[in-house]
$ cat work.pdb   # PDB, C-alpha atoms
ATOM      1  CA  MET C   1      31.125   7.286  22.880
ATOM      2  CA  THR C   2      32.256   7.946  19.304
ATOM      3  CA  ALA C   3      29.760   9.988  17.331
ATOM      4  CA  VAL C   4      28.211   8.569  14.154
ATOM      5  CA  THR C   5      29.355  10.977  11.431
ATOM      6  CA  PRO C   6      27.754  11.483   8.006
ATOM      7  CA  GLU C   7      30.963  10.074   6.492
ATOM      8  CA  TRP C   8      30.615   6.944   8.605
ATOM      9  CA  GLU C   9      26.988   6.544   7.486
ATOM     10  CA  THR C  10      27.901   7.039   3.822
ATOM     11  CA  ARG C  11      30.583   4.358   3.986
ATOM     12  CA  ASN C  12      28.182   2.087   5.848
ATOM     13  CA  ASP C  13      25.544   2.559   3.121
ATOM     14  CA  GLU C  14      28.156   1.785   0.463
ATOM     15  CA  LEU C  15      29.098  -1.455   2.182
ATOM     16  CA  TRP C  16      25.455  -2.516   2.429
ATOM     17  CA  ALA C  17      24.813  -1.635  -1.217
ATOM     18  CA  ALA C  18      27.575  -4.089  -2.179
ATOM     19  CA  ILE C  19      26.273  -7.014  -0.094
ATOM     20  CA  ASP C  20      25.870  -9.199  -3.192
ATOM     21  CA  ASP C  21      29.515  -8.711  -4.176
ATOM     22  CA  HIS C  22      30.882 -10.626  -1.179
ATOM     23  CA  ASP C  23      30.524 -14.037   0.347
ATOM     24  CA  PRO C  24      28.639 -13.901   3.676
ATOM     25  CA  ALA C  25      31.627 -14.252   6.009
ATOM     26  CA  ASP C  26      33.595 -11.567   4.142
ATOM     27  CA  PHE C  27      30.611  -9.238   4.174
ATOM     28  CA  ARG C  28      30.129  -9.662   7.923
ATOM     29  CA  ARG C  29      33.827  -8.904   8.472
ATOM     30  CA  LEU C  30      33.647  -5.721   6.374
ATOM     31  CA  ILE C  31      30.640  -4.501   8.352
ATOM     32  CA  ALA C  32      32.239  -5.457  11.677
ATOM     33  CA  ASP C  33      35.507  -3.677  10.802
ATOM     34  CA  HIS C  34      33.633  -0.518   9.877
ATOM     35  CA  ALA C  35      31.401  -0.788  12.978
ATOM     36  CA  ALA C  36      34.519  -1.161  15.164
ATOM     37  CA  VAL C  37      35.380   2.454  14.351
ATOM     38  CA  LEU C  38      32.501   3.412  16.682
ATOM     39  CA  GLY C  39      33.609   0.994  19.405
ATOM     40  CA  ASP C  40      32.437  -2.578  19.924
ATOM     41  CA  ASP C  41      29.756  -1.677  22.457
ATOM     42  CA  HIS C  42      28.316   1.306  20.606
ATOM     43  CA  PRO C  43      24.577   0.652  20.015
ATOM     44  CA  VAL C  44      24.903   1.447  16.299
ATOM     45  CA  SER C  45      27.926  -0.832  16.035
ATOM     46  CA  LEU C  46      25.989  -3.675  17.679
ATOM     47  CA  PHE C  47      23.024  -2.992  15.432
ATOM     48  CA  GLU C  48      25.005  -3.081  12.186
ATOM     49  CA  ARG C  49      26.748  -6.309  13.146
ATOM     50  CA  ALA C  50      23.371  -7.813  14.026
ATOM     51  CA  CYS C  51      21.970  -6.776  10.631
ATOM     52  CA  ALA C  52      24.943  -8.380   8.880
ATOM     53  CA  TRP C  53      24.179 -11.682  10.621
ATOM     54  CA  ASP C  54      20.460 -11.305   9.947
ATOM     55  CA  SER C  55      20.940 -10.555   6.259
ATOM     56  CA  THR C  56      23.209 -13.548   5.779
ATOM     57  CA  GLY C  57      20.751 -16.027   7.235
ATOM     58  CA  HIS C  58      21.755 -16.113  10.902
ATOM     59  CA  SER C  59      18.919 -14.477  12.830
ATOM     60  CA  ASP C  60      19.953 -16.498  15.904
ATOM     61  CA  LYS C  61      23.297 -14.678  16.023
ATOM     62  CA  ALA C  62      21.583 -11.350  15.408
ATOM     63  CA  VAL C  63      19.104 -11.450  18.284
ATOM     64  CA  PRO C  64      21.566 -11.116  21.218
ATOM     65  CA  LEU C  65      23.251  -8.179  19.468
ATOM     66  CA  TYR C  66      19.893  -6.495  18.826
ATOM     67  CA  ASP C  67      18.990  -6.988  22.490
ATOM     68  CA  ARG C  68      22.249  -5.436  23.651
ATOM     69  CA  ALA C  69      21.893  -2.510  21.230
ATOM     70  CA  LEU C  70      18.432  -1.771  22.633
ATOM     71  CA  ALA C  71      19.674  -2.120  26.215
ATOM     72  CA  LEU C  72      22.409   0.416  25.466
ATOM     73  CA  GLY C  73      19.893   2.948  24.178
ATOM     74  CA  LEU C  74      19.629   2.518  20.416
ATOM     75  CA  GLU C  75      17.268   5.226  19.116
ATOM     76  CA  GLY C  76      15.402   6.528  16.110
ATOM     77  CA  VAL C  77      15.004   4.647  12.831
ATOM     78  CA  ARG C  78      17.526   1.998  13.887
ATOM     79  CA  ARG C  79      15.517   1.231  17.029
ATOM     80  CA  ARG C  80      12.462   0.732  14.881
ATOM     81  CA  ARG C  81      14.389  -1.433  12.451
ATOM     82  CA  VAL C  82      15.364  -3.701  15.348
ATOM     83  CA  VAL C  83      11.701  -4.121  16.254
ATOM     84  CA  ILE C  84      10.730  -4.899  12.647
ATOM     85  CA  GLN C  85      13.642  -7.263  12.053
ATOM     86  CA  MET C  86      13.192  -9.113  15.347
ATOM     87  CA  ALA C  87       9.478  -9.390  14.648
ATOM     88  CA  SER C  88      10.318 -10.846  11.233
ATOM     89  CA  SER C  89      12.792 -13.333  12.708
ATOM     90  CA  ILE C  90      10.209 -14.453  15.259
ATOM     91  CA  ARG C  91       7.713 -14.948  12.431
ATOM     92  CA  ASN C  92      10.271 -17.048  10.564
ATOM     93  CA  LEU C  93      10.544 -19.221  13.680
ATOM     94  CA  GLY C  94       6.810 -19.909  13.354
ATOM     95  CA  ARG C  95       5.530 -17.586  16.099
ATOM     96  CA  PRO C  96       3.330 -15.094  14.205
ATOM     97  CA  ALA C  97       1.211 -14.179  17.247
ATOM     98  CA  GLU C  98       4.318 -12.775  18.978
ATOM     99  CA  THR C  99       5.273 -10.924  15.792
ATOM    100  CA  LEU C 100       1.852  -9.349  15.674
ATOM    101  CA  ALA C 101       1.965  -8.335  19.356
ATOM    102  CA  LEU C 102       5.373  -6.650  18.967
ATOM    103  CA  LEU C 103       4.289  -4.739  15.878
ATOM    104  CA  THR C 104       0.911  -3.719  17.268
ATOM    105  CA  GLU C 105       2.733  -2.112  20.177
ATOM    106  CA  GLU C 106       5.160  -0.474  17.746
ATOM    107  CA  ARG C 107       2.317   1.003  15.666
ATOM    108  CA  MET C 108       0.932   2.663  18.794
ATOM    109  CA  ARG C 109       4.333   3.918  19.866
ATOM    110  CA  THR C 110       5.393   6.118  16.987
ATOM    111  CA  SER C 111       5.106   6.998  13.292
ATOM    112  CA  ASP C 112       7.889   7.477  10.752
ATOM    113  CA  GLU C 113       9.142   6.494   7.307
ATOM    114  CA  LEU C 114       8.985   2.814   8.341
ATOM    115  CA  ASP C 115       5.220   2.802   8.981
ATOM    116  CA  ASP C 116       4.541   0.898   5.751
ATOM    117  CA  ALA C 117       7.140  -1.720   6.687
ATOM    118  CA  VAL C 118       5.446  -2.220  10.058
ATOM    119  CA  VAL C 119       2.107  -2.644   8.275
ATOM    120  CA  VAL C 120       3.532  -5.113   5.774
ATOM    121  CA  MET C 121       5.102  -7.318   8.445
ATOM    122  CA  SER C 122       1.926  -7.167  10.563
ATOM    123  CA  ALA C 123      -0.141  -8.239   7.547
ATOM    124  CA  LEU C 124       2.153 -11.193   6.853
ATOM    125  CA  ALA C 125       1.783 -12.301  10.495
ATOM    126  CA  LEU C 126      -1.999 -11.924  10.239
ATOM    127  CA  ALA C 127      -1.955 -14.099   7.106
ATOM    128  CA  ASP C 128      -0.028 -16.785   9.016
ATOM    129  CA  LEU C 129      -2.776 -16.669  11.640
ATOM    130  CA  GLY C 130      -5.481 -17.125   8.987
ATOM    131  CA  ARG C 131      -6.609 -13.499   9.383
ATOM    132  CA  GLU C 132      -5.916 -12.410   5.793
ATOM    133  CA  ARG C 133      -8.858 -10.037   5.630
ATOM    134  CA  GLU C 134      -7.592  -8.004   8.586
ATOM    135  CA  GLY C 135      -4.161  -7.887   6.975
ATOM    136  CA  LEU C 136      -5.709  -6.754   3.699
ATOM    137  CA  SER C 137      -7.614  -3.995   5.460
ATOM    138  CA  MET C 138      -4.392  -2.681   6.999
ATOM    139  CA  VAL C 139      -2.450  -2.797   3.742
ATOM    140  CA  VAL C 140      -5.183  -1.143   1.666
ATOM    141  CA  THR C 141      -5.450   1.599   4.300
ATOM    142  CA  ALA C 142      -1.693   2.171   4.031
ATOM    143  CA  MET C 143      -1.937   2.221   0.217
ATOM    144  CA  ALA C 144      -4.609   4.925   0.358
ATOM    145  CA  ALA C 145      -2.041   7.464   1.567
ATOM    146  CA  HIS C 146      -0.080   6.971  -1.681
ATOM    147  CA  LEU C 147      -3.046   7.350  -4.057
ATOM    148  CA  PRO C 148      -3.545  10.504  -6.178
ATOM    149  CA  ARG C 149      -7.338   9.943  -6.122
ATOM    150  CA  TYR C 150      -9.898   7.873  -4.243
ATOM    151  CA  GLN C 151      -8.059   8.200  -0.908
ATOM    152  CA  ARG C 152     -11.212   8.657   1.101
ATOM    153  CA  SER C 153     -13.260   5.918  -0.563
ATOM    154  CA  THR C 154     -10.333   3.490  -0.443
ATOM    155  CA  ARG C 155      -9.910   4.068   3.308
ATOM    156  CA  ASN C 156     -13.615   3.691   3.817
ATOM    157  CA  TYR C 157     -13.809   0.403   1.896
ATOM    158  CA  ALA C 158     -10.720  -0.884   3.730
ATOM    159  CA  ARG C 159     -12.394  -0.170   7.064
ATOM    160  CA  LEU C 160     -15.587  -1.915   5.960
ATOM    161  CA  LEU C 161     -13.606  -5.098   5.205
ATOM    162  CA  VAL C 162     -13.304  -5.668   8.950
ATOM    163  CA  GLU C 163     -16.192  -3.581  10.274
ATOM    164  CA  PRO C 164     -19.616  -4.728   9.131
ATOM    165  CA  GLU C 165     -21.641  -1.831   7.756
ATOM    166  CA  THR C 166     -24.186  -0.474  10.198
ATOM    167  CA  ALA C 167     -27.441  -0.083   8.385
TER     168      ALA C 167
ATOM    169  CA  MET X   1      -7.875  19.125 -22.874
ATOM    170  CA  THR X   2      -8.793  22.392 -24.546
ATOM    171  CA  ALA X   3      -9.472  25.524 -22.478
ATOM    172  CA  ALA X   4     -13.222  24.995 -22.974
ATOM    173  CA  ASP X   5     -12.906  21.384 -21.751
ATOM    174  CA  GLU X   6     -10.933  22.502 -18.716
ATOM    175  CA  ASN X   7     -13.480  25.144 -17.864
ATOM    176  CA  TRP X   8     -16.289  22.589 -18.140
ATOM    177  CA  GLN X   9     -14.377  20.066 -15.998
ATOM    178  CA  HIS X  10     -13.706  22.754 -13.412
ATOM    179  CA  ARG X  11     -17.431  23.450 -13.108
ATOM    180  CA  VAL X  12     -18.100  19.706 -12.751
ATOM    181  CA  ASP X  13     -15.459  19.440 -10.025
ATOM    182  CA  GLU X  14     -17.065  22.340  -8.177
ATOM    183  CA  VAL X  15     -20.382  20.513  -8.078
ATOM    184  CA  PHE X  16     -18.779  17.383  -6.610
ATOM    185  CA  ALA X  17     -16.816  19.472  -4.113
ATOM    186  CA  SER X  18     -20.029  21.008  -2.773
ATOM    187  CA  ASP X  19     -21.959  19.424   0.100
ATOM    188  CA  ASP X  20     -25.334  19.725  -1.560
ATOM    189  CA  GLU X  21     -25.616  16.107  -2.695
ATOM    190  CA  ASP X  22     -29.366  16.335  -3.318
ATOM    191  CA  THR X  23     -28.699  18.535  -6.331
ATOM    192  CA  TYR X  24     -25.707  16.644  -7.808
ATOM    193  CA  ILE X  25     -27.732  14.827 -10.456
ATOM    194  CA  GLU X  26     -29.680  17.882 -11.541
ATOM    195  CA  ARG X  27     -26.599  20.112 -11.758
ATOM    196  CA  ILE X  28     -24.348  17.537 -13.445
ATOM    197  CA  ASP X  29     -27.067  16.617 -15.967
ATOM    198  CA  ALA X  30     -27.376  20.341 -16.784
ATOM    199  CA  LEU X  31     -23.637  20.593 -17.374
ATOM    200  CA  ALA X  32     -23.663  17.440 -19.510
ATOM    201  CA  ALA X  33     -26.472  18.942 -21.592
ATOM    202  CA  GLU X  34     -24.047  21.687 -22.672
ATOM    203  CA  LEU X  35     -22.037  19.041 -24.528
ATOM    204  CA  PRO X  36     -23.100  17.336 -27.766
ATOM    205  CA  ALA X  37     -25.599  14.521 -27.191
ATOM    206  CA  GLY X  38     -23.821  11.277 -26.256
ATOM    207  CA  ASP X  39     -20.523  12.991 -25.398
ATOM    208  CA  PRO X  40     -18.519  10.394 -23.425
ATOM    209  CA  ALA X  41     -17.295  12.879 -20.795
ATOM    210  CA  GLY X  42     -20.877  13.985 -20.111
ATOM    211  CA  LEU X  43     -22.016  10.365 -19.734
ATOM    212  CA  PHE X  44     -19.122   9.643 -17.367
ATOM    213  CA  GLU X  45     -19.911  12.573 -15.085
ATOM    214  CA  ARG X  46     -23.621  11.745 -15.110
ATOM    215  CA  GLY X  47     -22.616   8.272 -13.918
ATOM    216  CA  GLY X  48     -20.441   9.864 -11.240
ATOM    217  CA  ALA X  49     -23.396  11.903  -9.963
ATOM    218  CA  ARG X  50     -25.474   8.713  -9.562
ATOM    219  CA  ASP X  51     -22.506   6.922  -7.968
ATOM    220  CA  ALA X  52     -21.944   9.722  -5.442
ATOM    221  CA  THR X  53     -25.579   9.678  -4.395
ATOM    222  CA  GLY X  54     -25.805   5.906  -3.954
ATOM    223  CA  ASP X  55     -27.583   4.851  -7.162
ATOM    224  CA  GLU X  56     -24.990   2.316  -8.243
ATOM    225  CA  ARG X  57     -27.209   0.625 -10.819
ATOM    226  CA  ALA X  58     -27.814   3.865 -12.692
ATOM    227  CA  ALA X  59     -24.108   4.725 -12.394
ATOM    228  CA  ILE X  60     -23.163   1.414 -14.024
ATOM    229  CA  GLY X  61     -25.418   2.214 -16.991
ATOM    230  CA  PHE X  62     -23.866   5.627 -17.609
ATOM    231  CA  TYR X  63     -20.290   4.382 -17.096
ATOM    232  CA  GLU X  64     -20.826   1.589 -19.612
ATOM    233  CA  LYS X  65     -22.277   4.025 -22.142
ATOM    234  CA  ALA X  66     -19.371   6.430 -21.618
ATOM    235  CA  LEU X  67     -16.821   3.685 -22.296
ATOM    236  CA  ALA X  68     -18.756   2.445 -25.334
ATOM    237  CA  ALA X  69     -18.839   6.038 -26.645
ATOM    238  CA  GLY X  70     -15.020   6.163 -26.572
ATOM    239  CA  LEU X  71     -14.173   7.886 -23.289
ATOM    240  CA  ASP X  72     -10.413   8.489 -23.329
ATOM    241  CA  GLY X  73      -7.523  10.018 -21.400
ATOM    242  CA  ASP X  74      -7.450  10.010 -17.600
ATOM    243  CA  ARG X  75     -11.220   9.785 -17.472
ATOM    244  CA  ARG X  76     -11.247   6.350 -19.137
ATOM    245  CA  ARG X  77      -9.300   4.697 -16.345
ATOM    246  CA  GLN X  78     -11.240   6.549 -13.663
ATOM    247  CA  CYS X  79     -14.404   5.280 -15.298
ATOM    248  CA  VAL X  80     -13.192   1.666 -15.276
ATOM    249  CA  ILE X  81     -12.283   1.925 -11.574
ATOM    250  CA  GLN X  82     -15.611   3.525 -10.671
ATOM    251  CA  LEU X  83     -17.568   1.063 -12.823
ATOM    252  CA  ALA X  84     -15.824  -1.880 -11.175
ATOM    253  CA  SER X  85     -16.355  -0.417  -7.699
ATOM    254  CA  SER X  86     -20.067   0.026  -8.466
ATOM    255  CA  HIS X  87     -20.298  -3.587  -9.662
ATOM    256  CA  ARG X  88     -18.678  -4.678  -6.404
ATOM    257  CA  ASN X  89     -21.120  -2.607  -4.371
ATOM    258  CA  VAL X  90     -24.110  -4.283  -6.012
ATOM    259  CA  GLY X  91     -22.605  -7.737  -5.420
ATOM    260  CA  GLU X  92     -21.240  -8.379  -8.911
ATOM    261  CA  HIS X  93     -17.759  -9.214  -7.627
ATOM    262  CA  GLU X  94     -16.639 -11.359 -10.536
ATOM    263  CA  ARG X  95     -17.488  -8.589 -13.004
ATOM    264  CA  ALA X  96     -15.394  -6.162 -10.931
ATOM    265  CA  VAL X  97     -12.498  -8.618 -10.803
ATOM    266  CA  ALA X  98     -12.613  -9.159 -14.567
ATOM    267  CA  LEU X  99     -12.719  -5.433 -15.393
ATOM    268  CA  LEU X 100      -9.808  -4.513 -13.122
ATOM    269  CA  THR X 101      -7.699  -7.532 -14.054
ATOM    270  CA  ALA X 102      -7.980  -6.482 -17.708
ATOM    271  CA  GLU X 103      -7.246  -2.858 -16.789
ATOM    272  CA  ARG X 104      -4.044  -3.793 -14.966
ATOM    273  CA  GLU X 105      -2.792  -5.505 -18.095
ATOM    274  CA  ARG X 106      -3.913  -2.764 -20.449
ATOM    275  CA  THR X 107      -1.803   0.184 -19.350
ATOM    276  CA  SER X 108       0.226   1.780 -16.568
ATOM    277  CA  ASP X 109      -0.026   5.269 -15.043
ATOM    278  CA  ASP X 110      -0.361   7.077 -11.723
ATOM    279  CA  LEU X 111      -3.623   5.240 -11.044
ATOM    280  CA  ASP X 112      -1.955   1.790 -11.022
ATOM    281  CA  ASP X 113      -2.175   1.535  -7.242
ATOM    282  CA  ALA X 114      -5.818   2.579  -7.292
ATOM    283  CA  VAL X 115      -6.565  -0.166  -9.851
ATOM    284  CA  THR X 116      -4.736  -2.650  -7.635
ATOM    285  CA  ALA X 117      -6.495  -1.496  -4.455
ATOM    286  CA  PHE X 118      -9.951  -1.783  -6.021
ATOM    287  CA  LEU X 119      -9.070  -5.142  -7.584
ATOM    288  CA  ALA X 120      -7.992  -6.357  -4.143
ATOM    289  CA  LEU X 121     -11.270  -5.188  -2.611
ATOM    290  CA  ALA X 122     -13.186  -7.043  -5.326
ATOM    291  CA  LEU X 123     -11.096 -10.202  -4.831
ATOM    292  CA  SER X 124     -11.833 -10.032  -1.117
ATOM    293  CA  SER X 125     -15.556  -9.795  -1.826
ATOM    294  CA  ALA X 126     -15.171 -12.839  -4.064
ATOM    295  CA  GLY X 127     -13.625 -14.742  -1.130
ATOM    296  CA  ARG X 128     -10.063 -14.474  -2.416
ATOM    297  CA  ASP X 129      -8.488 -12.564   0.498
ATOM    298  CA  ARG X 130      -5.093 -14.230   0.346
ATOM    299  CA  GLU X 131      -4.621 -13.331  -3.317
ATOM    300  CA  ALA X 132      -5.824  -9.813  -2.620
ATOM    301  CA  LEU X 133      -3.337  -9.472   0.211
ATOM    302  CA  ALA X 134      -0.429 -10.647  -1.969
ATOM    303  CA  LEU X 135      -1.359  -8.074  -4.646
ATOM    304  CA  THR X 136      -1.554  -5.143  -2.260
ATOM    305  CA  LEU X 137       1.620  -6.117  -0.406
ATOM    306  CA  GLY X 138       3.459  -5.972  -3.719
ATOM    307  CA  ALA X 139       1.986  -2.549  -4.481
ATOM    308  CA  LEU X 140       2.765  -1.111  -1.050
ATOM    309  CA  GLY X 141       6.279  -2.519  -1.331
ATOM    310  CA  GLY X 142       6.765  -0.282  -4.349
ATOM    311  CA  HIS X 143       6.670   2.701  -1.971
ATOM    312  CA  MET X 144       9.124   1.245   0.521
ATOM    313  CA  THR X 145      12.842   2.023   0.515
ATOM    314  CA  ARG X 146      13.794  -0.801   2.887
ATOM    315  CA  TYR X 147      12.861  -4.479   3.018
ATOM    316  CA  ARG X 148      11.619  -4.578  -0.574
ATOM    317  CA  ARG X 149      13.623  -7.658  -1.421
ATOM    318  CA  SER X 150      12.566  -9.633   1.633
ATOM    319  CA  LEU X 151       8.981  -8.498   1.117
ATOM    320  CA  LEU X 152       8.928  -9.872  -2.441
ATOM    321  CA  HIS X 153      10.244 -13.167  -1.095
ATOM    322  CA  TYR X 154       7.506 -13.335   1.565
ATOM    323  CA  VAL X 155       4.807 -12.372  -0.938
ATOM    324  CA  ALA X 156       5.922 -15.223  -3.206
ATOM    325  CA  GLU X 157       5.549 -17.560  -0.226
ATOM    326  CA  LEU X 158       1.969 -16.397   0.309
ATOM    327  CA  GLY X 159       1.210 -18.004  -3.044
TER     328      GLY X 159
END

$ encode --input "work.pdb" --output "structure tokens"
Amino acid sequence: MTAVTPEWETRNDELWAAIDDHDPADFRRLIADHAAVLGDDHPVSLFERACAWDSTGHSDKAVPLYDRALALGLEGVRRRRVVIQMASSIRNLGRPAETLALLTEERMRTSDELDDAVVVMSALALADLGREREGLSMVVTAMAAHLPRYQRSTRNYARLLVEPETA
Amino acid sequence: MTAADENWQHRVDEVFASDDEDTYIERIDALAAELPAGDPAGLFERGGARDATGDERAAIGFYEKALAAGLDGDRRRQCVIQLASSHRNVGEHERAVALLTAERERTSDDLDDAVTAFLALALSSAGRDREALALTLGALGGHMTRYRRSLLHYVAELG
């Protein structure tokens, strides 16, 4: 399997940064051509082509590619991005309970730079289910980690939103 | 802050960092008494001592006096946040919402997210969870490197 080099990643980032400069079909072709360097059945290649479909409004075309990328052993941040993006697509199809289940499992599984994104998507699914307060509690808890002050009290108040105070 | 101010603040911070909460009020009031009568920083810290020991009503009184006396710098915004949080804790949610809504419009600094978080908590207490959620999602999005654009779109949909 062809290795993903830093040069390949840099070019890939450049293509994604220019997404607004192309019409959707052209953009998908540019991504696919660059992905083909890795081989058509490389998990990263499948992932990037899936993202190109997803980002141009075709989640239905993305899902089989995501599935295949996972089956072939996609790892790391890209694996997590698949979970988040599939969870988002499922939410867009009107199935927020499934979105929430996927992301709850993901939160238990690992922790990385995408933790806030997992929280955000979980909170949106909770809002769809009429559970805004639970979503708010999660988001405020995540915000606390970014605060220069009041981290402890913010976390505490966020917890109390969903956990009645014991007198 | 002058060196004398910094030294005084350092001694205040030491009190609040200690576990001996029963003596917070006594020790902070003694430190405040070193300052000229009615000094806004002294009033603010005296409010903080009441706040930290659960006397929210007394804290509100001192915080309001500190602001009226012209509290400035970083302490002013901290005071607004703590005043609003105290109002929320005594059930005056609308007062908390009004204070923090005005504060968000007034200025911007490294406490912006704290203002937003406490405003969201107050909105939730006022039964406005959905609005609170939209606000905090926007703020958390500011720390994200991916999915910011789609997040803003979804937040707009929340209404």

$ resolve_selection --input "work.pdb" --expression "the ChimeraX specification (/C :<7) & /X" --output "ChimeraX atom specification"
/X:113-114,117,129-130,133,136-137,140,144

$ resolve_selection --input "work.pdb" --expression "the PyMOL selection byres ((chain C and resi 62-75) around 12)" --output "number ranges by chain"
C: 1, 28, 40-61, 76-90

$ atom_distance --input "work.pdb" --atom1 "atom CA of X:Val115" --atom2 "atom CA of C:Ser111"
26.9 Å

$ residues_around --input "work.pdb" --residues "stretch 42-47 of chain X" --least-positions-apart "4" --cutoff "10 Å" --atoms "all atoms listed in the file" --output "JSON, numbers by chain"
{"X": [8, 9, 12, 13, 16, 24, 25, 26, 27, 28, 29, 30, 31, 32, 33, 34, 35, 36, 37, 38, 51, 52, 55, 56, 57, 58, 59, 60, 61, 62, 63, 64, 65, 66, 67, 69, 71, 75, 76, 78, 79, 82, 83]}

$ atom_distance --input "work.pdb" --atom1 "atom CA of X:Met1" --atom2 "atom CA of X:Asp112"
21.8 Å

$ axis_aligned_box --input "work.pdb" --around "stretch 66-80 of chain X" --padding-each-side "6 Å" --output "AutoDock Vina command-line options"
--center_x -13.4 --center_y 5.8 --center_z -20.2 --size_x 23.9 --size_y 20.4 --size_z 25.0

$ resolve_selection --input "work.pdb" --expression "the PyMOL selection byres ((chain X and resi 96) around 12)" --output "PDB file with C-alpha atoms, in the coordinates of the input"
ATOM      1  CA  ILE X  60     -23.163   1.414 -14.024  1.00  0.00           C
ATOM      2  CA  VAL X  80     -13.192   1.666 -15.276  1.00  0.00           C
ATOM      3  CA  ILE X  81     -12.283   1.925 -11.574  1.00  0.00           C
ATOM      4  CA  GLN X  82     -15.611   3.525 -10.671  1.00  0.00           C
ATOM      5  CA  LEU X  83     -17.568   1.063 -12.823  1.00  0.00           C
ATOM      6  CA  ALA X  84     -15.824  -1.880 -11.175  1.00  0.00           C
ATOM      7  CA  SER X  85     -16.355  -0.417  -7.699  1.00  0.00           C
ATOM      8  CA  SER X  86     -20.067   0.026  -8.466  1.00  0.00           C
ATOM      9  CA  HIS X  87     -20.298  -3.587  -9.662  1.00  0.00           C
ATOM     10  CA  ARG X  88     -18.678  -4.678  -6.404  1.00  0.00           C
ATOM     11  CA  ASN X  89     -21.120  -2.607  -4.371  1.00  0.00           C
ATOM     12  CA  VAL X  90     -24.110  -4.283  -6.012  1.00  0.00           C
ATOM     13  CA  GLY X  91     -22.605  -7.737  -5.420  1.00  0.00           C
ATOM     14  CA  GLU X  92     -21.240  -8.379  -8.911  1.00  0.00           C
ATOM     15  CA  HIS X  93     -17.759  -9.214  -7.627  1.00  0.00           C
ATOM     16  CA  GLU X  94     -16.639 -11.359 -10.536  1.00  0.00           C
ATOM     17  CA  ARG X  95     -17.488  -8.589 -13.004  1.00  0.00           C
ATOM     18  CA  VAL X  97     -12.498  -8.618 -10.803  1.00  0.00           C
ATOM     19  CA  ALA X  98     -12.613  -9.159 -14.567  1.00  0.00           C
ATOM     20  CA  LEU X  99     -12.719  -5.433 -15.393  1.00  0.00           C
ATOM     21  CA  LEU X 100      -9.808  -4.513 -13.122  1.00  0.00           C
ATOM     22  CA  THR X 101      -7.699  -7.532 -14.054  1.00  0.00           C
ATOM     23  CA  ALA X 102      -7.980  -6.482 -17.708  1.00  0.00           C
ATOM     24  CA  GLU X 103      -7.246  -2.858 -16.789  1.00  0.00           C
ATOM     25  CA  VAL X 115      -6.565  -0.166  -9.851  1.00  0.00           C
ATOM     26  CA  THR X 116      -4.736  -2.650  -7.635  1.00  0.00           C
ATOM     27  CA  ALA X 117      -6.495  -1.496  -4.455  1.00  0.00           C
ATOM     28  CA  PHE X 118      -9.951  -1.783  -6.021  1.00  0.00           C
ATOM     29  CA  LEU X 119      -9.070  -5.142  -7.584  1.00  0.00           C
ATOM     30  CA  ALA X 120      -7.992  -6.357  -4.143  1.00  0.00           C
ATOM     31  CA  LEU X 121     -11.270  -5.188  -2.611  1.00  0.00           C
ATOM     32  CA  ALA X 122     -13.186  -7.043  -5.326  1.00  0.00           C
ATOM     33  CA  LEU X 123     -11.096 -10.202  -4.831  1.00  0.00           C
ATOM     34  CA  SER X 124     -11.833 -10.032  -1.117  1.00  0.00           C
ATOM     35  CA  SER X 125     -15.556  -9.795  -1.826  1.00  0.00           C
ATOM     36  CA  ALA X 126     -15.171 -12.839  -4.064  1.00  0.00           C
TER      37      ALA X 126
END

$ atom_distance --input "work.pdb" --atom1 "atom CA of C:Arg155" --atom2 "atom CA of X:Thr23"
25.6 Å

$ closest_residue --input "work.pdb" --among "X:Ala4, X:Leu135, X:Ala156, X:Leu111" --to "X:Asp74" --atoms "all atoms listed in the file"
X:Leu111

$ residues_near_point --input "work.pdb" --point "(34.4, 0.9, 12.4)" --cutoff "12 Å" --atoms "all atoms listed in the file" --output "ChimeraX atom specification"
/C:2-5,7-9,11-12,15,29-42,44-46,48-49

$ closest_residue --input "work.pdb" --among "C:Thr110, C:Thr10, C:Ser122, C:Thr104" --to "C:Arg91" --atoms "all atoms listed in the file"
C:Ser122

$ build_atoms --input "work.pdb" --residues "stretch 98-104 of chain X" --atoms "N, CA and C atoms" --output "PDB file, keeping the file's coordinate frame"
ATOM      1  N   ALA X  98     -12.967  -9.035 -13.146  1.00  0.00           N
ATOM      2  CA  ALA X  98     -12.613  -9.159 -14.567  1.00  0.00           C
ATOM      3  C   ALA X  98     -12.220  -7.800 -15.162  1.00  0.00           C
ATOM      4  N   LEU X  99     -13.002  -6.774 -14.850  1.00  0.00           N
ATOM      5  CA  LEU X  99     -12.719  -5.433 -15.393  1.00  0.00           C
ATOM      6  C   LEU X  99     -11.340  -4.931 -14.940  1.00  0.00           C
ATOM      7  N   LEU X 100     -11.050  -5.082 -13.667  1.00  0.00           N
ATOM      8  CA  LEU X 100      -9.808  -4.513 -13.122  1.00  0.00           C
ATOM      9  C   LEU X 100      -8.596  -5.365 -13.464  1.00  0.00           C
ATOM     10  N   THR X 101      -8.802  -6.677 -13.613  1.00  0.00           N
ATOM     11  CA  THR X 101      -7.699  -7.532 -14.054  1.00  0.00           C
ATOM     12  C   THR X 101      -7.288  -7.136 -15.474  1.00  0.00           C
ATOM     13  N   ALA X 102      -8.271  -6.914 -16.332  1.00  0.00           N
ATOM     14  CA  ALA X 102      -7.980  -6.482 -17.708  1.00  0.00           C
ATOM     15  C   ALA X 102      -7.327  -5.102 -17.710  1.00  0.00           C
ATOM     16  N   GLU X 103      -7.788  -4.222 -16.835  1.00  0.00           N
ATOM     17  CA  GLU X 103      -7.246  -2.858 -16.789  1.00  0.00           C
ATOM     18  C   GLU X 103      -5.783  -2.843 -16.353  1.00  0.00           C
ATOM     19  N   ARG X 104      -5.438  -3.717 -15.414  1.00  0.00           N
ATOM     20  CA  ARG X 104      -4.044  -3.793 -14.966  1.00  0.00           C
ATOM     21  C   ARG X 104      -3.112  -4.186 -16.098  1.00  0.00           C
TER      22      ARG X 104
END
